[in-house]
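Novice: my_file_17.cif is the file, holding mmCIF, C-alpha atoms:
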data_target
#
loop_
_atom_site.label_atom_id
_atom_site.label_comp_id
_atom_site.auth_asym_id
_atom_site.auth_seq_id
_atom_site.Cartn_x
_atom_site.Cartn_y
_atom_site.Cartn_z
CA MET V 1 27.40 46.63 19.29
CA HIS V 2 29.84 49.51 19.17
CA ASP V 3 33.56 49.47 19.82
CA LEU V 4 33.95 51.06 23.26
CA SER V 5 37.20 52.85 22.51
CA THR V 6 35.92 54.37 19.25
CA PHE V 7 32.61 55.24 20.85
CA ARG V 8 34.32 56.94 23.82
CA ASN V 9 36.70 58.94 21.61
CA HIS V 10 33.95 60.18 19.27
CA LEU V 11 31.09 60.45 21.72
CA ASP V 12 29.66 63.79 20.56
CA GLU V 13 29.85 62.76 16.89
CA PHE V 14 28.12 59.45 17.61
CA ALA V 15 25.43 61.21 19.63
CA ALA V 16 24.73 63.63 16.76
CA ARG V 17 24.50 60.83 14.16
CA LEU V 18 22.30 58.70 16.40
CA ALA V 19 20.01 61.68 16.91
CA THR V 20 19.19 61.64 13.19
CA ARG V 21 17.51 58.27 13.72
CA GLY V 22 15.52 59.52 16.70
CA PHE V 23 17.76 58.02 19.38
CA THR V 24 18.88 60.23 22.25
CA LEU V 25 22.19 59.18 23.73
CA ASP V 26 22.46 60.21 27.39
CA LEU V 27 25.95 61.72 27.32
CA ASN V 28 26.03 62.51 31.03
CA ASP V 29 25.06 58.94 31.93
CA PHE V 30 27.66 57.49 29.57
CA ARG V 31 30.41 59.79 30.80
CA GLU V 32 29.55 59.16 34.45
CA LEU V 33 29.69 55.39 33.92
CA ASP V 34 32.90 55.72 31.95
CA SER V 35 34.41 57.92 34.67
CA ARG V 36 33.62 55.37 37.39
CA ARG V 37 35.17 52.60 35.32
CA ARG V 38 38.31 54.61 34.56
CA ALA V 39 38.69 55.49 38.25
CA ALA V 40 38.40 51.84 39.24
CA VAL V 41 40.95 50.81 36.59
CA THR V 42 43.38 53.51 37.70
CA GLU V 43 43.08 52.61 41.38
CA THR V 44 43.53 48.92 40.58
CA GLU V 45 46.68 49.56 38.58
CA GLN V 46 48.12 51.76 41.33
CA LEU V 47 47.36 49.18 44.02
CA ARG V 48 48.91 46.36 41.98
CA ALA V 49 52.06 48.43 41.57
CA LEU V 50 52.10 49.20 45.31
CA ARG V 51 51.56 45.54 46.19
CA ASN V 52 54.42 44.51 43.93
CA SER V 53 56.80 47.06 45.45
CA GLU V 54 55.75 46.17 48.99
CA SER V 55 56.20 42.47 48.29
CA ALA V 56 59.68 43.11 46.94
CA GLU V 57 60.58 45.19 50.00
CA ILE V 58 59.21 42.55 52.39
CA SER V 59 61.37 39.93 50.67
CA LYS V 60 64.49 42.04 51.27
CA LEU V 61 63.62 42.75 54.91
CA ARG V 62 62.92 39.09 55.67
CA LYS V 63 66.37 38.16 54.36
CA GLN V 64 67.75 40.69 56.86
CA GLY V 65 65.77 39.09 59.71
CA VAL V 66 63.40 42.04 60.11
CA ASP V 67 59.85 41.44 61.38
CA THR V 68 57.50 42.16 58.41
CA SER V 69 54.17 41.07 59.89
CA GLU V 70 52.68 44.59 59.79
CA ARG V 71 53.75 45.12 56.18
CA GLN V 72 52.44 41.68 55.21
CA GLN V 73 49.08 42.61 56.72
CA LYS V 74 49.15 45.78 54.65
CA VAL V 75 49.80 43.72 51.51
CA ARG V 76 46.87 41.45 52.38
CA GLU V 77 44.62 44.50 52.79
CA ILE V 78 45.80 45.79 49.43
CA GLY V 79 44.97 42.39 47.92
CA ASP V 80 41.49 42.49 49.45
CA ARG V 81 40.95 45.96 47.98
CA ILE V 82 42.13 44.78 44.54
CA SER V 83 39.73 41.84 44.71
CA ALA V 84 36.87 44.19 45.59
CA LEU V 85 37.83 46.50 42.71
CA ASP V 86 38.00 43.54 40.32
CA GLU V 87 34.42 42.66 41.26
CA GLN V 88 33.44 46.31 40.82
CA LEU V 89 35.12 46.42 37.43
CA LYS V 90 33.32 43.26 36.33
CA ALA V 91 29.99 44.80 37.35
CA LEU V 92 30.87 48.04 35.56
CA ASP V 93 31.93 46.14 32.42
CA ASP V 94 28.64 44.23 32.48
CA GLU V 95 26.80 47.54 32.88
CA PHE V 96 28.80 49.02 29.99
CA ARG V 97 28.05 46.00 27.81
CA LEU V 98 24.35 46.26 28.59
CA HIS V 99 24.47 50.01 27.94
CA LEU V 100 26.20 49.59 24.58
CA ALA V 101 23.90 46.69 23.64
CA GLY V 102 20.93 49.05 23.78
CA ILE V 103 22.43 51.65 21.45
CA PRO V 104 21.46 51.21 17.77
CA ASN V 105 23.88 51.22 14.89
CA VAL V 106 25.10 54.53 13.51
CA PRO V 107 23.62 55.37 10.06
CA HIS V 108 25.99 55.36 7.12
CA GLU V 109 26.71 58.81 5.73
CA SER V 110 24.81 57.98 2.52
CA VAL V 111 21.53 57.31 4.38
CA PRO V 112 18.98 60.10 3.83
CA ILE V 113 18.08 61.97 7.01
CA GLY V 114 14.43 61.74 7.96
CA ARG V 115 12.07 61.12 10.84
CA ASN V 116 9.95 58.19 9.63
CA GLU V 117 8.91 56.06 6.64
CA GLU V 118 7.23 59.05 5.00
CA GLU V 119 10.70 60.52 4.41
CA ASN V 120 12.20 57.43 2.78
CA VAL V 121 13.65 58.08 -0.67
CA GLU V 122 12.56 56.17 -3.76
CA VAL V 123 15.61 55.05 -5.73
CA ARG V 124 14.02 53.36 -8.76
CA ARG V 125 10.97 51.55 -10.09
CA TRP V 126 10.62 48.48 -12.23
CA GLY V 127 7.53 47.43 -14.22
CA LYS V 128 4.13 49.06 -14.50
CA PRO V 129 1.14 48.19 -12.33
CA PRO V 130 -1.31 46.09 -14.41
CA GLU V 131 -4.47 47.69 -15.75
CA PHE V 132 -7.68 45.74 -15.27
CA GLY V 133 -11.00 46.02 -17.06
CA PHE V 134 -12.64 45.18 -13.73
CA GLN V 135 -12.26 46.04 -10.07
CA PRO V 136 -9.29 44.00 -8.81
CA GLN V 137 -9.81 42.03 -5.61
CA ALA V 138 -7.56 41.69 -2.60
CA HIS V 139 -6.04 38.28 -1.85
CA TRP V 140 -8.25 37.79 1.22
CA ASP V 141 -11.22 37.63 -1.14
CA LEU V 142 -9.49 35.90 -4.06
CA GLY V 143 -7.89 33.13 -2.03
CA PRO V 144 -11.04 31.79 -0.33
CA ALA V 145 -13.04 32.14 -3.56
CA LEU V 146 -10.44 30.02 -5.36
CA GLY V 147 -10.48 27.46 -2.55
CA VAL V 148 -6.76 27.85 -1.87
CA LEU V 149 -6.66 30.04 1.25
CA ASP V 150 -8.45 29.47 4.57
CA LEU V 151 -8.06 32.01 7.35
CA GLU V 152 -11.10 30.95 9.41
CA ARG V 153 -9.95 27.39 10.03
CA ALA V 154 -6.43 28.63 10.75
CA ALA V 155 -7.90 30.86 13.46
CA LYS V 156 -9.74 27.84 14.88
CA ILE V 157 -6.56 25.75 14.91
CA THR V 158 -4.27 28.41 16.35
CA GLY V 159 -5.59 31.96 16.37
CA ALA V 160 -5.58 35.17 14.39
CA ARG V 161 -2.77 35.87 11.91
CA PHE V 162 -2.28 32.30 10.77
CA ALA V 163 -3.24 30.73 7.44
CA VAL V 164 -4.06 27.36 5.87
CA TYR V 165 -3.31 26.81 2.17
CA TYR V 166 -4.88 24.15 -0.04
CA ASP V 167 -4.03 22.52 -3.35
CA LEU V 168 -2.46 24.98 -5.80
CA GLY V 169 -2.32 27.59 -3.03
CA ALA V 170 -0.03 25.32 -1.00
CA LYS V 171 1.87 24.29 -4.10
CA LEU V 172 2.34 27.93 -5.09
CA GLU V 173 3.97 28.65 -1.72
CA ARG V 174 6.29 25.67 -2.13
CA ALA V 175 7.04 26.57 -5.75
CA LEU V 176 8.04 30.09 -4.75
CA ILE V 177 10.45 28.76 -2.11
CA ASN V 178 12.10 26.38 -4.58
CA PHE V 179 12.20 28.99 -7.33
CA MET V 180 13.90 31.51 -5.05
CA LEU V 181 16.45 29.02 -3.73
CA ASP V 182 17.22 27.71 -7.22
CA THR V 183 17.71 31.22 -8.61
CA HIS V 184 20.00 32.37 -5.82
CA THR V 185 22.14 29.21 -5.84
CA ARG V 186 22.34 28.70 -9.60
CA GLU V 187 22.58 32.30 -10.78
CA HIS V 188 23.81 34.43 -7.87
CA GLY V 189 26.46 32.26 -6.24
CA TYR V 190 24.81 31.58 -2.87
CA THR V 191 25.24 28.33 -0.97
CA GLU V 192 21.99 26.89 0.33
CA VAL V 193 21.86 26.12 4.04
CA LEU V 194 19.03 24.61 6.09
CA PRO V 195 19.53 25.83 9.70
CA PRO V 196 17.60 25.01 12.89
CA PHE V 197 14.29 26.83 13.21
CA MET V 198 14.94 27.45 16.91
CA VAL V 199 17.81 29.53 18.26
CA ASN V 200 19.32 30.32 21.66
CA SER V 201 19.66 33.65 23.44
CA ASP V 202 23.30 34.12 22.42
CA SER V 203 22.29 33.89 18.77
CA LEU V 204 19.56 36.51 19.20
CA PHE V 205 21.99 38.80 21.02
CA GLY V 206 24.49 38.39 18.20
CA THR V 207 22.12 39.69 15.53
CA GLY V 208 20.57 42.38 17.75
CA GLN V 209 17.11 41.03 18.61
CA LEU V 210 18.00 40.62 22.29
CA PRO V 211 17.73 42.19 24.73
CA LYS V 212 15.86 45.13 23.18
CA PHE V 213 13.20 43.28 21.14
CA LYS V 214 12.31 40.43 23.44
CA GLU V 215 8.59 41.22 23.21
CA ASP V 216 8.65 40.59 19.44
CA LEU V 217 9.76 36.97 19.88
CA PHE V 218 8.25 33.62 20.85
CA LYS V 219 10.14 31.69 23.57
CA CYS V 220 9.83 28.00 24.39
CA GLU V 221 8.90 27.76 28.06
CA GLY V 222 11.49 25.98 30.17
CA TYR V 223 14.23 26.09 27.52
CA ASP V 224 16.73 28.59 26.17
CA PHE V 225 15.10 28.11 22.78
CA TRP V 226 13.35 30.82 20.79
CA LEU V 227 11.45 30.41 17.52
CA ALA V 228 13.59 32.09 14.89
CA PRO V 229 12.10 35.41 13.73
CA THR V 230 14.13 35.18 10.50
CA ALA V 231 16.86 32.97 9.02
CA GLU V 232 19.19 35.92 9.50
CA VAL V 233 19.60 34.79 13.12
CA PRO V 234 20.74 31.16 12.73
CA VAL V 235 22.69 31.78 9.52
CA THR V 236 24.63 34.81 10.79
CA ASN V 237 25.46 32.90 13.96
CA LEU V 238 26.98 30.01 12.01
CA TYR V 239 30.34 31.73 12.53
CA ARG V 240 29.75 33.20 16.00
CA GLY V 241 33.00 33.21 17.95
CA GLU V 242 35.10 32.30 14.90
CA THR V 243 37.86 33.98 12.90
CA LEU V 244 37.59 33.38 9.16
CA ASP V 245 40.40 33.49 6.63
CA ALA V 246 39.83 36.69 4.67
CA SER V 247 40.55 34.83 1.43
CA ARG V 248 37.23 32.98 1.88
CA LEU V 249 35.21 36.19 1.71
CA PRO V 250 32.66 37.04 0.56
CA ILE V 251 30.67 34.07 1.85
CA ARG V 252 27.08 34.01 0.56
CA PHE V 253 24.34 31.87 2.09
CA CYS V 254 20.67 31.55 1.27
CA ALA V 255 18.21 29.76 3.52
CA TYR V 256 14.55 28.89 3.67
CA THR V 257 12.92 28.94 7.11
CA PRO V 258 9.53 29.56 8.60
CA CYS V 259 9.65 32.76 10.66
CA PHE V 260 7.82 33.49 13.90
CA ARG V 261 7.03 36.96 15.24
CA SER V 262 4.66 38.22 17.89
CA GLU V 263 4.11 41.49 15.97
CA ALA V 264 3.93 43.23 19.34
CA GLY V 265 4.51 46.64 17.82
CA SER V 266 2.25 46.38 14.78
CA TYR V 267 -0.72 48.04 16.52
CA GLY V 268 -3.38 46.62 14.24
CA ARG V 269 -1.57 47.20 10.93
CA ASP V 270 -2.32 44.79 8.06
CA VAL V 271 -4.81 42.80 10.10
CA ARG V 272 -6.60 41.44 7.01
CA GLY V 273 -5.20 38.62 4.93
CA ILE V 274 -1.67 37.26 5.19
CA ILE V 275 0.51 40.37 4.93
CA ARG V 276 1.46 40.37 8.62
CA GLN V 277 1.41 36.89 10.16
CA HIS V 278 2.75 35.31 13.34
CA GLN V 279 4.15 32.50 11.16
CA PHE V 280 5.34 33.01 7.60
CA GLN V 281 7.89 31.58 5.17
CA LYS V 282 10.94 33.43 3.92
CA VAL V 283 14.05 32.86 1.83
CA GLU V 284 16.89 34.85 3.35
CA LEU V 285 20.20 36.02 1.87
CA VAL V 286 23.16 36.44 4.25
CA LYS V 287 26.68 37.64 3.44
CA PHE V 288 29.97 37.77 5.35
CA VAL V 289 32.26 40.27 3.61
CA ARG V 290 35.39 42.39 3.89
CA PRO V 291 34.68 45.85 5.36
CA ASP V 292 35.98 47.64 2.26
CA GLN V 293 33.58 45.68 0.03
CA SER V 294 30.41 45.73 2.09
CA TYR V 295 28.60 48.55 0.31
CA GLU V 296 29.38 47.10 -3.10
CA GLU V 297 28.04 43.79 -1.80
CA LEU V 298 24.90 45.52 -0.50
CA GLU V 299 24.11 46.73 -4.02
CA LYS V 300 24.64 43.21 -5.38
CA LEU V 301 22.48 41.63 -2.68
CA THR V 302 19.68 44.11 -3.39
CA ALA V 303 19.91 43.35 -7.11
CA ASP V 304 19.73 39.62 -6.35
CA ALA V 305 16.48 40.13 -4.43
CA GLU V 306 15.10 42.39 -7.17
CA SER V 307 15.78 39.75 -9.81
CA ILE V 308 13.15 37.46 -8.25
CA LEU V 309 10.49 40.12 -8.70
CA GLN V 310 11.64 40.79 -12.25
CA LYS V 311 11.54 37.10 -13.21
CA LEU V 312 8.01 36.90 -11.80
CA GLY V 313 6.97 40.06 -13.66
CA LEU V 314 5.90 41.83 -10.47
CA PRO V 315 6.08 45.66 -10.46
CA TYR V 316 8.07 47.07 -7.56
CA ARG V 317 10.01 50.05 -6.33
CA THR V 318 13.30 50.25 -4.42
CA VAL V 319 13.39 52.65 -1.48
CA ALA V 320 16.35 53.85 0.61
CA LEU V 321 15.23 54.02 4.23
CA CYS V 322 15.85 57.30 5.99
CA THR V 323 17.68 57.48 9.31
CA GLY V 324 14.46 57.51 11.34
CA ASP V 325 13.15 54.31 9.71
CA LEU V 326 16.30 52.18 9.96
CA GLY V 327 16.23 48.93 11.87
CA PHE V 328 18.14 48.76 15.15
CA SER V 329 21.21 46.93 13.78
CA SER V 330 21.34 48.43 10.29
CA ALA V 331 23.75 51.06 8.98
CA LYS V 332 21.92 51.25 5.63
CA THR V 333 18.81 49.54 4.25
CA TYR V 334 16.98 49.31 0.95
CA ASP V 335 13.35 48.17 1.02
CA LEU V 336 11.79 46.51 -2.00
CA GLU V 337 8.08 47.27 -2.20
CA VAL V 338 5.88 45.23 -4.54
CA TRP V 339 2.70 46.58 -6.12
CA LEU V 340 -0.53 45.03 -4.78
CA PRO V 341 -3.44 46.00 -7.06
CA GLY V 342 -6.09 44.64 -4.71
CA GLN V 343 -4.95 47.18 -2.14
CA SER V 344 -3.72 49.89 -4.56
CA THR V 345 -0.41 50.26 -2.76
CA TYR V 346 3.22 49.21 -2.71
CA LYS V 347 4.02 46.89 0.19
CA GLU V 348 7.44 45.90 1.56
CA ILE V 349 8.54 42.46 0.40
CA SER V 350 12.25 42.63 1.24
CA SER V 351 14.67 44.63 3.38
CA CYS V 352 18.31 44.49 2.30
CA SER V 353 20.72 45.79 4.94
CA ASN V 354 24.39 46.36 5.66
CA PHE V 355 25.13 46.03 9.38
CA GLU V 356 28.82 46.84 8.96
CA ALA V 357 30.64 45.41 12.04
CA PHE V 358 27.66 45.89 14.40
CA GLN V 359 26.51 42.26 14.42
CA ALA V 360 30.01 40.85 13.97
CA ARG V 361 31.17 42.60 17.14
CA ARG V 362 28.16 41.32 19.11
CA ALA V 363 28.69 37.78 17.79
CA ASN V 364 32.52 38.02 17.80
CA ILE V 365 32.97 37.13 14.11
CA ARG V 366 36.34 38.17 12.76
CA MET V 367 38.38 37.84 9.58
CA LYS V 368 42.13 37.52 9.36
CA ALA V 369 44.38 38.68 6.55
CA GLY V 370 48.01 37.90 7.39
CA LYS V 371 48.63 38.50 11.09
CA LYS V 372 45.87 41.03 11.59
CA ALA V 373 42.38 40.01 12.74
CA GLU V 374 39.43 42.41 12.60
CA PHE V 375 35.66 42.29 12.63
CA LEU V 376 34.15 41.55 9.23
CA HIS V 377 30.89 43.03 7.94
CA THR V 378 27.56 41.20 7.74
CA LEU V 379 24.66 41.81 5.36
CA ASN V 380 21.29 40.23 4.85
CA GLY V 381 18.08 40.63 2.91
CA SER V 382 14.88 38.78 2.13
CA GLY V 383 15.08 37.04 -1.16
CA LEU V 384 12.03 37.13 -0.76
CA ALA V 385 9.27 37.03 1.85
CA VAL V 386 7.33 34.09 0.42
CA GLY V 387 3.85 34.88 1.74
CA ARG V 388 3.93 38.42 0.42
CA THR V 389 5.20 37.14 -2.94
CA TRP V 390 2.23 34.72 -2.95
CA VAL V 391 -0.06 37.70 -2.38
CA ALA V 392 1.61 39.70 -5.14
CA VAL V 393 1.28 36.85 -7.66
CA VAL V 394 -2.38 36.24 -6.85
CA GLU V 395 -3.34 39.91 -6.97
CA ASN V 396 -1.28 40.96 -10.01
CA TYR V 397 -2.20 37.94 -12.14
CA GLN V 398 -5.92 37.79 -11.31
CA GLN V 399 -8.38 37.56 -14.19
CA ALA V 400 -11.93 38.82 -14.71
CA ASP V 401 -13.35 35.32 -14.15
CA GLY V 402 -11.68 35.11 -10.73
CA SER V 403 -8.89 32.78 -11.84
CA VAL V 404 -5.18 33.53 -11.46
CA ILE V 405 -2.59 33.07 -14.20
CA ILE V 406 0.61 31.43 -12.94
CA PRO V 407 3.77 33.33 -13.99
CA GLU V 408 5.82 31.46 -16.57
CA ALA V 409 8.84 31.20 -14.27
CA LEU V 410 6.78 29.13 -11.81
CA ARG V 411 4.99 26.80 -14.23
CA PRO V 412 7.73 24.13 -14.27
CA TYR V 413 7.38 23.91 -10.46
CA LEU V 414 3.58 23.69 -10.48
CA ASN V 415 2.86 21.85 -13.73
CA ALA V 416 -0.08 24.22 -14.13
CA GLU V 417 -0.79 27.49 -15.91
CA ARG V 418 -3.77 28.78 -13.95
CA ILE V 419 -5.48 28.59 -10.58
CA THR V 420 -9.21 28.27 -11.16
CA LYS V 421 -12.18 28.68 -8.87
CA GLY V 422 -13.07 25.91 -6.49
CA GLU V 423 -14.37 25.44 -2.98
CA LEU V 424 -12.60 25.21 0.33
CA LYS V 425 -12.01 21.59 1.25
#
Kindly present the structure from the file in structure tokens form.
Specialist:
Amino acid sequence: MHDLSTFRNHLDEFAARLATRGFTLDLNDFRELDSRRRAAVTETEQLRALRNSESAEISKLRKQGVDTSERQQKVREIGDRISALDEQLKALDDEFRLHLAGIPNVPHESVPIGRNEEENVEVRRWGKPPEFGFQPQAHWDLGPALGVLDLERAAKITGARFAVYYDLGAKLERALINFMLDTHTREHGYTEVLPPFMVNSDSLFGTGQLPKFKEDLFKCEGYDFWLAPTAEVPVTNLYRGETLDASRLPIRFCAYTPCFRSEAGSYGRDVRGIIRQHQFQKVELVKFVRPDQSYEELEKLTADAESILQKLGLPYRTVALCTGDLGFSSAKTYDLEVWLPGQSTYKEISSCSNFEAFQARRANIRMKAGKKAEFLHTLNGSGLAVGRTWVAVVENYQQADGSVIIPEALRPYLNAERITKGELK
């Protein structure tokens, strides 16, 4: 959400910056709405002043024994008009709030300008894609052949874009979650939190999913409960409506949750395997920081997510999203894309974003240093998407005999060095 005063005073500048991300701000509509609100405020203030002066005059006249019934009627009519204007102002404020709620965040000046993902800018690469003496397989072939992944029975149980894991496949998923949480808490200074997996509408508004992205979510019928699309939502909303002591910042949380998304806008992308699921696991990193430190903290958060890939020996690249590919609430985002040899491509495994005060204003999260309170900045990033990390491990560590070597960092969690061929249970 944007600050109305700042937005109003820099309207043309905001419109130009929003245009770089493909969003057209209707200036005439905004100015017309703003003009109606200003007019209502001005009339209300004038009428209140008139009512006060009339009331004072009536009081003097009554002390003199003068009949004031006509003037009292006039004051009552003024009061009725003020009440009507108050209702009008409330409706206009609600309309303004809804209008502002649908306007995306303004890109940071360092974000490269571009129309879509094809114009994202690669920042760096780590590791080299493995070379195989055989044709590498994709995980949707490897998993069933190893007896650790079952998409057909998942479809029977629920539907498309769900998965069942068996044996070392299930244990690998669990090992990855524990490994990520342990690394972030022990080495990177995050506090682990286990939040609810369902959230209310206020929480989704706070982080920017509602009202614009309602179709991407799953709602529980008859309740104001939604299945969380990411731990970003419950964790960021931990401090909704609160003012934090600035001395506590930065606050760093990491959380494991299952995530639920309808994938309404995916249009058939990644339909094979487990890259794009309705339910998937993720370890999320969330930060609450001082505004003057948020971009330094974004670099640290991105490095924290990268370290998981490095410890697992998975080749990846870091990409700065261009203006046209930014998420709705983000001012700047880095995507981490891991190499998947079975598909001969890099695939996103984490998005690390600085939302500046956009979410904090929507969720009313402030910090206070001395007597001054202001909106803090929020950041988050996947640290990492567990299912996609599972895919990357299986595809990058596959062997000619169809087995999969388990990365050394995960062996203490699995008590195994290799996943060998078996049959689905």
Novice: Would you mind listing what lies within 7 Å of Val233 (chain V) as a list in words, with only C-alpha atoms counted and same-chain residues fewer than 2 positions away left out?
Specialist: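 The contact residues come out as Ser203, Leu204, Thr207, Ala228, Thr230, Ala231, Val235, Thr236 and Asn237 of chain V.
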Novice: Generate the output file for the selected residues, C-alpha atoms, as a short mmCIF file (atom, residue, chain, number, x, y, z; two decimals), in the frame of the given file.
Specialist:
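Result file part-v4.cif:
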data_model
loop_
_atom_site.label_atom_id
_atom_site.label_comp_id
_atom_site.auth_asym_id
_atom_site.auth_seq_id
_atom_site.Cartn_x
_atom_site.Cartn_y
_atom_site.Cartn_z
CA SER V 203 22.29 33.89 18.77
CA LEU V 204 19.56 36.51 19.20
CA THR V 207 22.12 39.69 15.53
CA ALA V 228 13.59 32.09 14.89
CA THR V 230 14.13 35.18 10.50
CA ALA V 231 16.86 32.97 9.02
CA VAL V 235 22.69 31.78 9.52
CA THR V 236 24.63 34.81 10.79
CA ASN V 237 25.46 32.90 13.96
#
Novice: As lines of an AutoDock Vina configuration file, please: the centre and edge lengths in Å, to one decimal, of an axis-aligned box enclosing every listed atom of region 201-215 of chain V with 5 Å added on each side.
Specialist:
center_x = 16.5
center_y = 39.4
center_z = 20.1
size_x = 25.9
size_y = 21.5
size_z = 19.2
Novice: Distance CA of Phe358 (chain V)-CA of Pro104 (chain V), one decimal place?
Specialist: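 Separating CA of Phe358 (chain V) from CA of Pro104 (chain V) is a distance of 8.8 Å.
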Novice: Excluding Glu299 (chain V) and residues on its chain fewer than 5 positions from it, collect all residues at most 9 Å away from it, counting all atoms listed in the file, and give them as a list in words.
Specialist: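 Skipping anything fewer than 5 positions along the chain leaves Ser294, Asp304 and Cys352 of chain V.
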Novice: Write the residues you've just listed into a file as a CSV table (one decimal), in the coordinates of the input, and include C-alpha atoms for each of them.
Specialist:
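So the final result, stored in result.csv, reads:
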chain,number,residue,atom,x,y,z
V,294,SER,CA,30.4,45.7,2.1
V,304,ASP,CA,19.7,39.6,-6.4
V,352,CYS,CA,18.3,44.5,2.3
Novice: Can you list, as a PyMOL selection string, every protein, DNA or RNA residue that comes within 12 Å of Leu314 (chain V) when you count only C-alpha atoms, leaving out same-chain residues fewer than 5 positions away?
Specialist: chain V and resi 125-130+306-309+336-341+346-347+349+388-397+406-407+409
Novice: Just to confirm, what's the straight-line distance from CA of His278 (chain V) to CA of Arg174 (chain V) in Å (one decimal)?
Specialist: 18.6 Å
Novice: Which polymer residues have any atom within 6 Å of an atom of region 18-31 of chain V, counting all atoms listed in the file, with same-chain residues fewer than 5 positions away left out, as a PyMOL selection string?
Specialist: chain V and resi 106+323-324
Novice: When distances are computed from only C-alpha atoms, which of V:Ser201, V:Thr42, V:Asn415, V:Ser403 shows the smallest separation from Leu142 (chain V)?
Specialist: V:Ser403
Novice: Given the file shown, enumerate the residues that the PyMOL selection byres ((chain V and resi 151) around 8) captures and present them as a PyMOL selection string.
Specialist: chain V and resi 149-150+152-155+161-164+273
Novice: Show which residues sit within 12 Å of Leu326 (chain V), as a PyMOL selection string. Count only C-alpha atoms, and ignore same-chain residues fewer than 5 positions away.
Specialist: chain V and resi 18+20-23+104-108+111-117+119-120+319-321+331-335+351-355
Novice: Find the residues with any atom within 7 Å of (29.9, 33.1, -6.3); use all atoms listed in the file and the coordinates as given in the file, and write the answer as a PyMOL selection string.
Specialist: chain V and resi 188-190
Novice: Could you tell me which of V:Ala40, V:Ala16, V:Val121, V:Val75 comes closest to Asp93 (chain V) if we count all atoms listed in the file?
Specialist: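 Closest to Asp93 (chain V) of all the choices is V:Ala40.
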Novice: So, with all atoms listed in the file as the atoms that count, which of V:Glu54, V:Glu118, V:Glu87, V:Asp141 lies closest to Gln343 (chain V)?
Specialist: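 Smallest distance to Gln343 (chain V) is found for V:Asp141.
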Novice: Out of V:Ser344, V:Gln398, V:Ser5, V:Gln277, which residue has the shortest atom-to-atom distance to Ala160 (chain V) when counting only C-alpha atoms?
Specialist: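 Smallest distance to Ala160 (chain V) is found for V:Gln277.
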Novice: Mind telling me what the PyMOL selection byres ((chain V and resi 85) around 12) catches here, as a ChimeraX atom specification?
Specialist: /V:36-48,78-84,86-93
Novice: So, with only C-alpha atoms as the atoms that count, which of V:Gln281, V:Asn364, V:Asn380, V:Thr420 lies closest to Ala305 (chain V)?
Specialist: V:Asn380
Novice: Rank nothing, just name the residue among V:Leu244, V:Cys259, V:Leu376, V:Met198 nearest to Arg361 (chain V), using only C-alpha atoms.
Specialist: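 The shortest atom-to-atom distance to Arg361 (chain V) comes from V:Leu376.
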Novice: Can region 94-105 of chain V be brought up to N, CA and C atoms and written out as a PDB file, in the frame of the given file?
Specialist:
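Written file, result_24.pdb:
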ATOM      1  N   ASP V  94      29.940  44.796  32.824  1.00  0.00           N
ATOM      2  CA  ASP V  94      28.640  44.230  32.480  1.00  0.00           C
ATOM      3  C   ASP V  94      27.632  45.355  32.222  1.00  0.00           C
ATOM      4  N   GLU V  95      27.703  46.399  33.055  1.00  0.00           N
ATOM      5  CA  GLU V  95      26.800  47.540  32.880  1.00  0.00           C
ATOM      6  C   GLU V  95      27.090  48.260  31.573  1.00  0.00           C
ATOM      7  N   PHE V  96      28.399  48.398  31.244  1.00  0.00           N
ATOM      8  CA  PHE V  96      28.800  49.020  29.990  1.00  0.00           C
ATOM      9  C   PHE V  96      28.292  48.200  28.808  1.00  0.00           C
ATOM     10  N   ARG V  97      28.482  46.886  28.899  1.00  0.00           N
ATOM     11  CA  ARG V  97      28.050  46.000  27.810  1.00  0.00           C
ATOM     12  C   ARG V  97      26.550  46.118  27.584  1.00  0.00           C
ATOM     13  N   LEU V  98      25.801  46.121  28.700  1.00  0.00           N
ATOM     14  CA  LEU V  98      24.350  46.260  28.590  1.00  0.00           C
ATOM     15  C   LEU V  98      23.981  47.623  28.020  1.00  0.00           C
ATOM     16  N   HIS V  99      24.720  48.658  28.434  1.00  0.00           N
ATOM     17  CA  HIS V  99      24.470  50.010  27.940  1.00  0.00           C
ATOM     18  C   HIS V  99      24.721  50.084  26.438  1.00  0.00           C
ATOM     19  N   LEU V 100      25.864  49.563  26.006  1.00  0.00           N
ATOM     20  CA  LEU V 100      26.200  49.590  24.580  1.00  0.00           C
ATOM     21  C   LEU V 100      25.253  48.715  23.767  1.00  0.00           C
ATOM     22  N   ALA V 101      24.794  47.605  24.360  1.00  0.00           N
ATOM     23  CA  ALA V 101      23.900  46.690  23.640  1.00  0.00           C
ATOM     24  C   ALA V 101      22.566  47.337  23.311  1.00  0.00           C
ATOM     25  N   GLY V 102      22.203  48.374  24.034  1.00  0.00           N
ATOM     26  CA  GLY V 102      20.930  49.050  23.780  1.00  0.00           C
ATOM     27  C   GLY V 102      21.029  50.240  22.857  1.00  0.00           C
ATOM     28  N   ILE V 103      22.234  50.512  22.351  1.00  0.00           N
ATOM     29  CA  ILE V 103      22.430  51.650  21.450  1.00  0.00           C
ATOM     30  C   ILE V 103      22.417  51.163  20.011  1.00  0.00           C
ATOM     31  N   PRO V 104      21.553  51.693  19.154  1.00  0.00           N
ATOM     32  CA  PRO V 104      21.460  51.210  17.770  1.00  0.00           C
ATOM     33  C   PRO V 104      22.696  51.550  16.952  1.00  0.00           C
ATOM     34  N   ASN V 105      22.772  50.952  15.789  1.00  0.00           N
ATOM     35  CA  ASN V 105      23.880  51.220  14.890  1.00  0.00           C
ATOM     36  C   ASN V 105      23.834  52.659  14.393  1.00  0.00           C
TER      37      ASN V 105
END
